[in-house]
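Asks: PDB, C-alpha atoms, pLDDT in the B column, saved as query-v1.pdb, coming up:
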```
ATOM      1  CA  MET H   1     -52.223  87.235  28.115  1.00 90.00           C
ATOM      2  CA  ALA H   2     -49.527  89.901  28.379  1.00 90.00           C
ATOM      3  CA  ILE H   3     -51.664  92.334  26.421  1.00 92.00           C
ATOM      4  CA  GLY H   4     -54.704  91.632  28.583  1.00 92.00           C
ATOM      5  CA  SER H   5     -53.060  91.820  32.012  1.00 90.00           C
ATOM      6  CA  ASP H   6     -50.466  94.061  33.595  1.00 91.00           C
ATOM      7  CA  ARG H   7     -49.457  91.073  35.766  1.00 87.00           C
ATOM      8  CA  VAL H   8     -48.162  89.105  32.768  1.00 89.00           C
ATOM      9  CA  ARG H   9     -45.025  90.054  30.874  1.00 91.00           C
ATOM     10  CA  ALA H  10     -43.879  88.480  27.628  1.00 93.00           C
ATOM     11  CA  GLU H  11     -40.492  88.683  25.939  1.00 92.00           C
ATOM     12  CA  ILE H  12     -39.397  87.301  22.605  1.00 93.00           C
ATOM     13  CA  ILE H  13     -35.693  86.626  22.271  1.00 92.00           C
ATOM     14  CA  ASP H  14     -33.965  85.842  18.973  1.00 92.00           C
ATOM     15  CA  ILE H  15     -31.760  82.860  19.798  1.00 90.00           C
ATOM     16  CA  GLN H  16     -29.376  83.595  16.939  1.00 92.00           C
ATOM     17  CA  THR H  17     -28.774  87.119  18.211  1.00 95.00           C
ATOM     18  CA  PHE H  18     -28.364  86.078  21.864  1.00 94.00           C
ATOM     19  CA  PRO H  19     -26.570  82.700  21.926  1.00 93.00           C
ATOM     20  CA  ARG H  20     -25.470  83.158  25.549  1.00 95.00           C
ATOM     21  CA  ILE H  21     -29.104  83.323  26.687  1.00 92.00           C
ATOM     22  CA  THR H  22     -29.850  80.298  24.496  1.00 91.00           C
ATOM     23  CA  ARG H  23     -27.149  78.255  26.247  1.00 94.00           C
ATOM     24  CA  LYS H  24     -28.028  79.536  29.718  1.00 93.00           C
ATOM     25  CA  HIS H  25     -31.663  78.410  29.403  1.00 92.00           C
ATOM     26  CA  ARG H  26     -30.860  75.277  27.379  1.00 91.00           C
ATOM     27  CA  VAL H  27     -33.006  76.221  24.405  1.00 92.00           C
ATOM     28  CA  SER H  28     -32.755  73.368  21.929  1.00 89.00           C
ATOM     29  CA  ALA H  29     -35.958  73.974  19.992  1.00 91.00           C
ATOM     30  CA  ILE H  30     -38.338  76.838  19.406  1.00 91.00           C
ATOM     31  CA  PRO H  31     -40.699  78.088  20.515  1.00 94.00           C
ATOM     32  CA  LYS H  32     -39.712  77.470  24.129  1.00 94.00           C
ATOM     33  CA  THR H  33     -41.968  79.144  26.645  1.00 94.00           C
ATOM     34  CA  PHE H  34     -40.936  79.806  30.238  1.00 93.00           C
ATOM     35  CA  ILE H  35     -43.324  80.590  33.049  1.00 93.00           C
ATOM     36  CA  ASN H  36     -41.405  82.222  35.909  1.00 91.00           C
ATOM     37  CA  TYR H  37     -38.451  80.017  34.897  1.00 85.00           C
ATOM     38  CA  ASP H  38     -40.010  77.260  37.040  1.00 86.00           C
ATOM     39  CA  ASP H  39     -42.011  75.736  34.203  1.00 92.00           C
ATOM     40  CA  ALA H  40     -41.140  75.531  30.525  1.00 93.00           C
ATOM     41  CA  PHE H  41     -42.469  73.799  27.469  1.00 94.00           C
ATOM     42  CA  ILE H  42     -41.366  73.447  23.877  1.00 94.00           C
ATOM     43  CA  GLY H  43     -43.751  73.855  20.987  1.00 94.00           C
ATOM     44  CA  THR H  44     -47.296  75.055  21.097  1.00 93.00           C
ATOM     45  CA  GLU H  45     -49.952  74.397  23.708  1.00 93.00           C
ATOM     46  CA  GLU H  46     -53.664  74.990  23.805  1.00 94.00           C
ATOM     47  CA  GLU H  47     -54.625  78.334  25.325  1.00 92.00           C
ATOM     48  CA  ALA H  48     -56.392  76.625  28.232  1.00 95.00           C
ATOM     49  CA  GLU H  49     -53.255  74.633  29.077  1.00 95.00           C
ATOM     50  CA  ILE H  50     -51.074  77.758  29.037  1.00 93.00           C
ATOM     51  CA  LEU H  51     -53.573  79.579  31.251  1.00 92.00           C
ATOM     52  CA  ASP H  52     -53.581  76.644  33.673  1.00 94.00           C
ATOM     53  CA  ARG H  53     -49.765  76.699  33.847  1.00 92.00           C
ATOM     54  CA  VAL H  54     -49.748  80.475  34.421  1.00 91.00           C
ATOM     55  CA  MET H  55     -52.359  80.204  37.174  1.00 91.00           C
ATOM     56  CA  ARG H  56     -50.338  77.459  38.927  1.00 91.00           C
ATOM     57  CA  ALA H  57     -47.088  79.462  38.707  1.00 88.00           C
ATOM     58  CA  ARG H  58     -45.576  80.814  41.863  1.00 77.00           C
TER      59      ARG H  58
END
```
Could you render the structure as structure tokens?

Replies:
Amino acid sequence: MAIGSDRVRAEIIDIQTFPRITRKHRVSAIPKTFINYDDAFIGTEEEAEILDRVMRAR
């Protein structure tokens, strides 16, 4: 989605390199995906579900 739209930004953070960020966002498993920090999920989701979450995001 980030490649296809300039309205979507994606970041990948190595939790071993940035433990402070890991603690701050309570990352206990990977992958953990945040959408505007209002919604988050652990693991993988179907593309349609991710799109639905992005479209509902504030």

Asks: Could you check the closest approach to Arg56 (chain H) for each of H:Ile35, H:Val8, H:Ile3, H:Ile13 and tell me which residue wins, using only C-alpha atoms?

Replies: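 When distances to Arg56 (chain H) are compared using only C-alpha atoms, the smallest one comes from H:Ile35.
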
Asks: Which residues come within 10 Å of Ser28 (chain H), counting all atoms listed in the file, excluding same-chain residues fewer than 6 positions away, as an mmCIF file with C-alpha atoms, in the frame of the given file?

Replies:
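Now in selection.cif:
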```
data_model
loop_
_atom_site.group_PDB
_atom_site.id
_atom_site.type_symbol
_atom_site.label_atom_id
_atom_site.label_comp_id
_atom_site.auth_asym_id
_atom_site.auth_seq_id
_atom_site.Cartn_x
_atom_site.Cartn_y
_atom_site.Cartn_z
ATOM 1 C CA ILE H 15 -31.760 82.860 19.798
ATOM 2 C CA THR H 22 -29.850 80.298 24.496
ATOM 3 C CA ILE H 42 -41.366 73.447 23.877
#
```

Asks: Any idea what's packed within 12 Å of Val27 (chain H), counting all atoms listed in the file, ignoring anything in its chain fewer than 5 positions away? Could you give it as an MDAnalysis selection string?

Replies: chainID H and resid 13:16 18:22 32:34 40:43

Asks: At a cut-off of 12 Å, using only C-alpha atoms, what residues contact Arg58 (chain H)? Leave out same-chain residues fewer than 3 positions from it and give the result as a list of chain:residue names.

Replies: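 The contact residues come out as H:Ile35, H:Asn36, H:Tyr37, H:Asp38, H:Asp39, H:Arg53, H:Val54, H:Met55.
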
Asks: May I ask for the distance between CA of Ile12 (chain H) and CA of Glu47 (chain H), given in Å to one decimal place?

Replies: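 Going from CA of Ile12 (chain H) over to CA of Glu47 (chain H), I get 17.9 Å.
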
Asks: Between CA of Lys24 (chain H) and CA of Leu51 (chain H), what is the spacing in Å?

Replies: 25.6 Å

Asks: Can you tell me how far CA of Arg7 (chain H) sits from CA of Ala29 (chain H), in Å to one decimal?

Replies: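 Distance between the two atoms: 26.9 Å.
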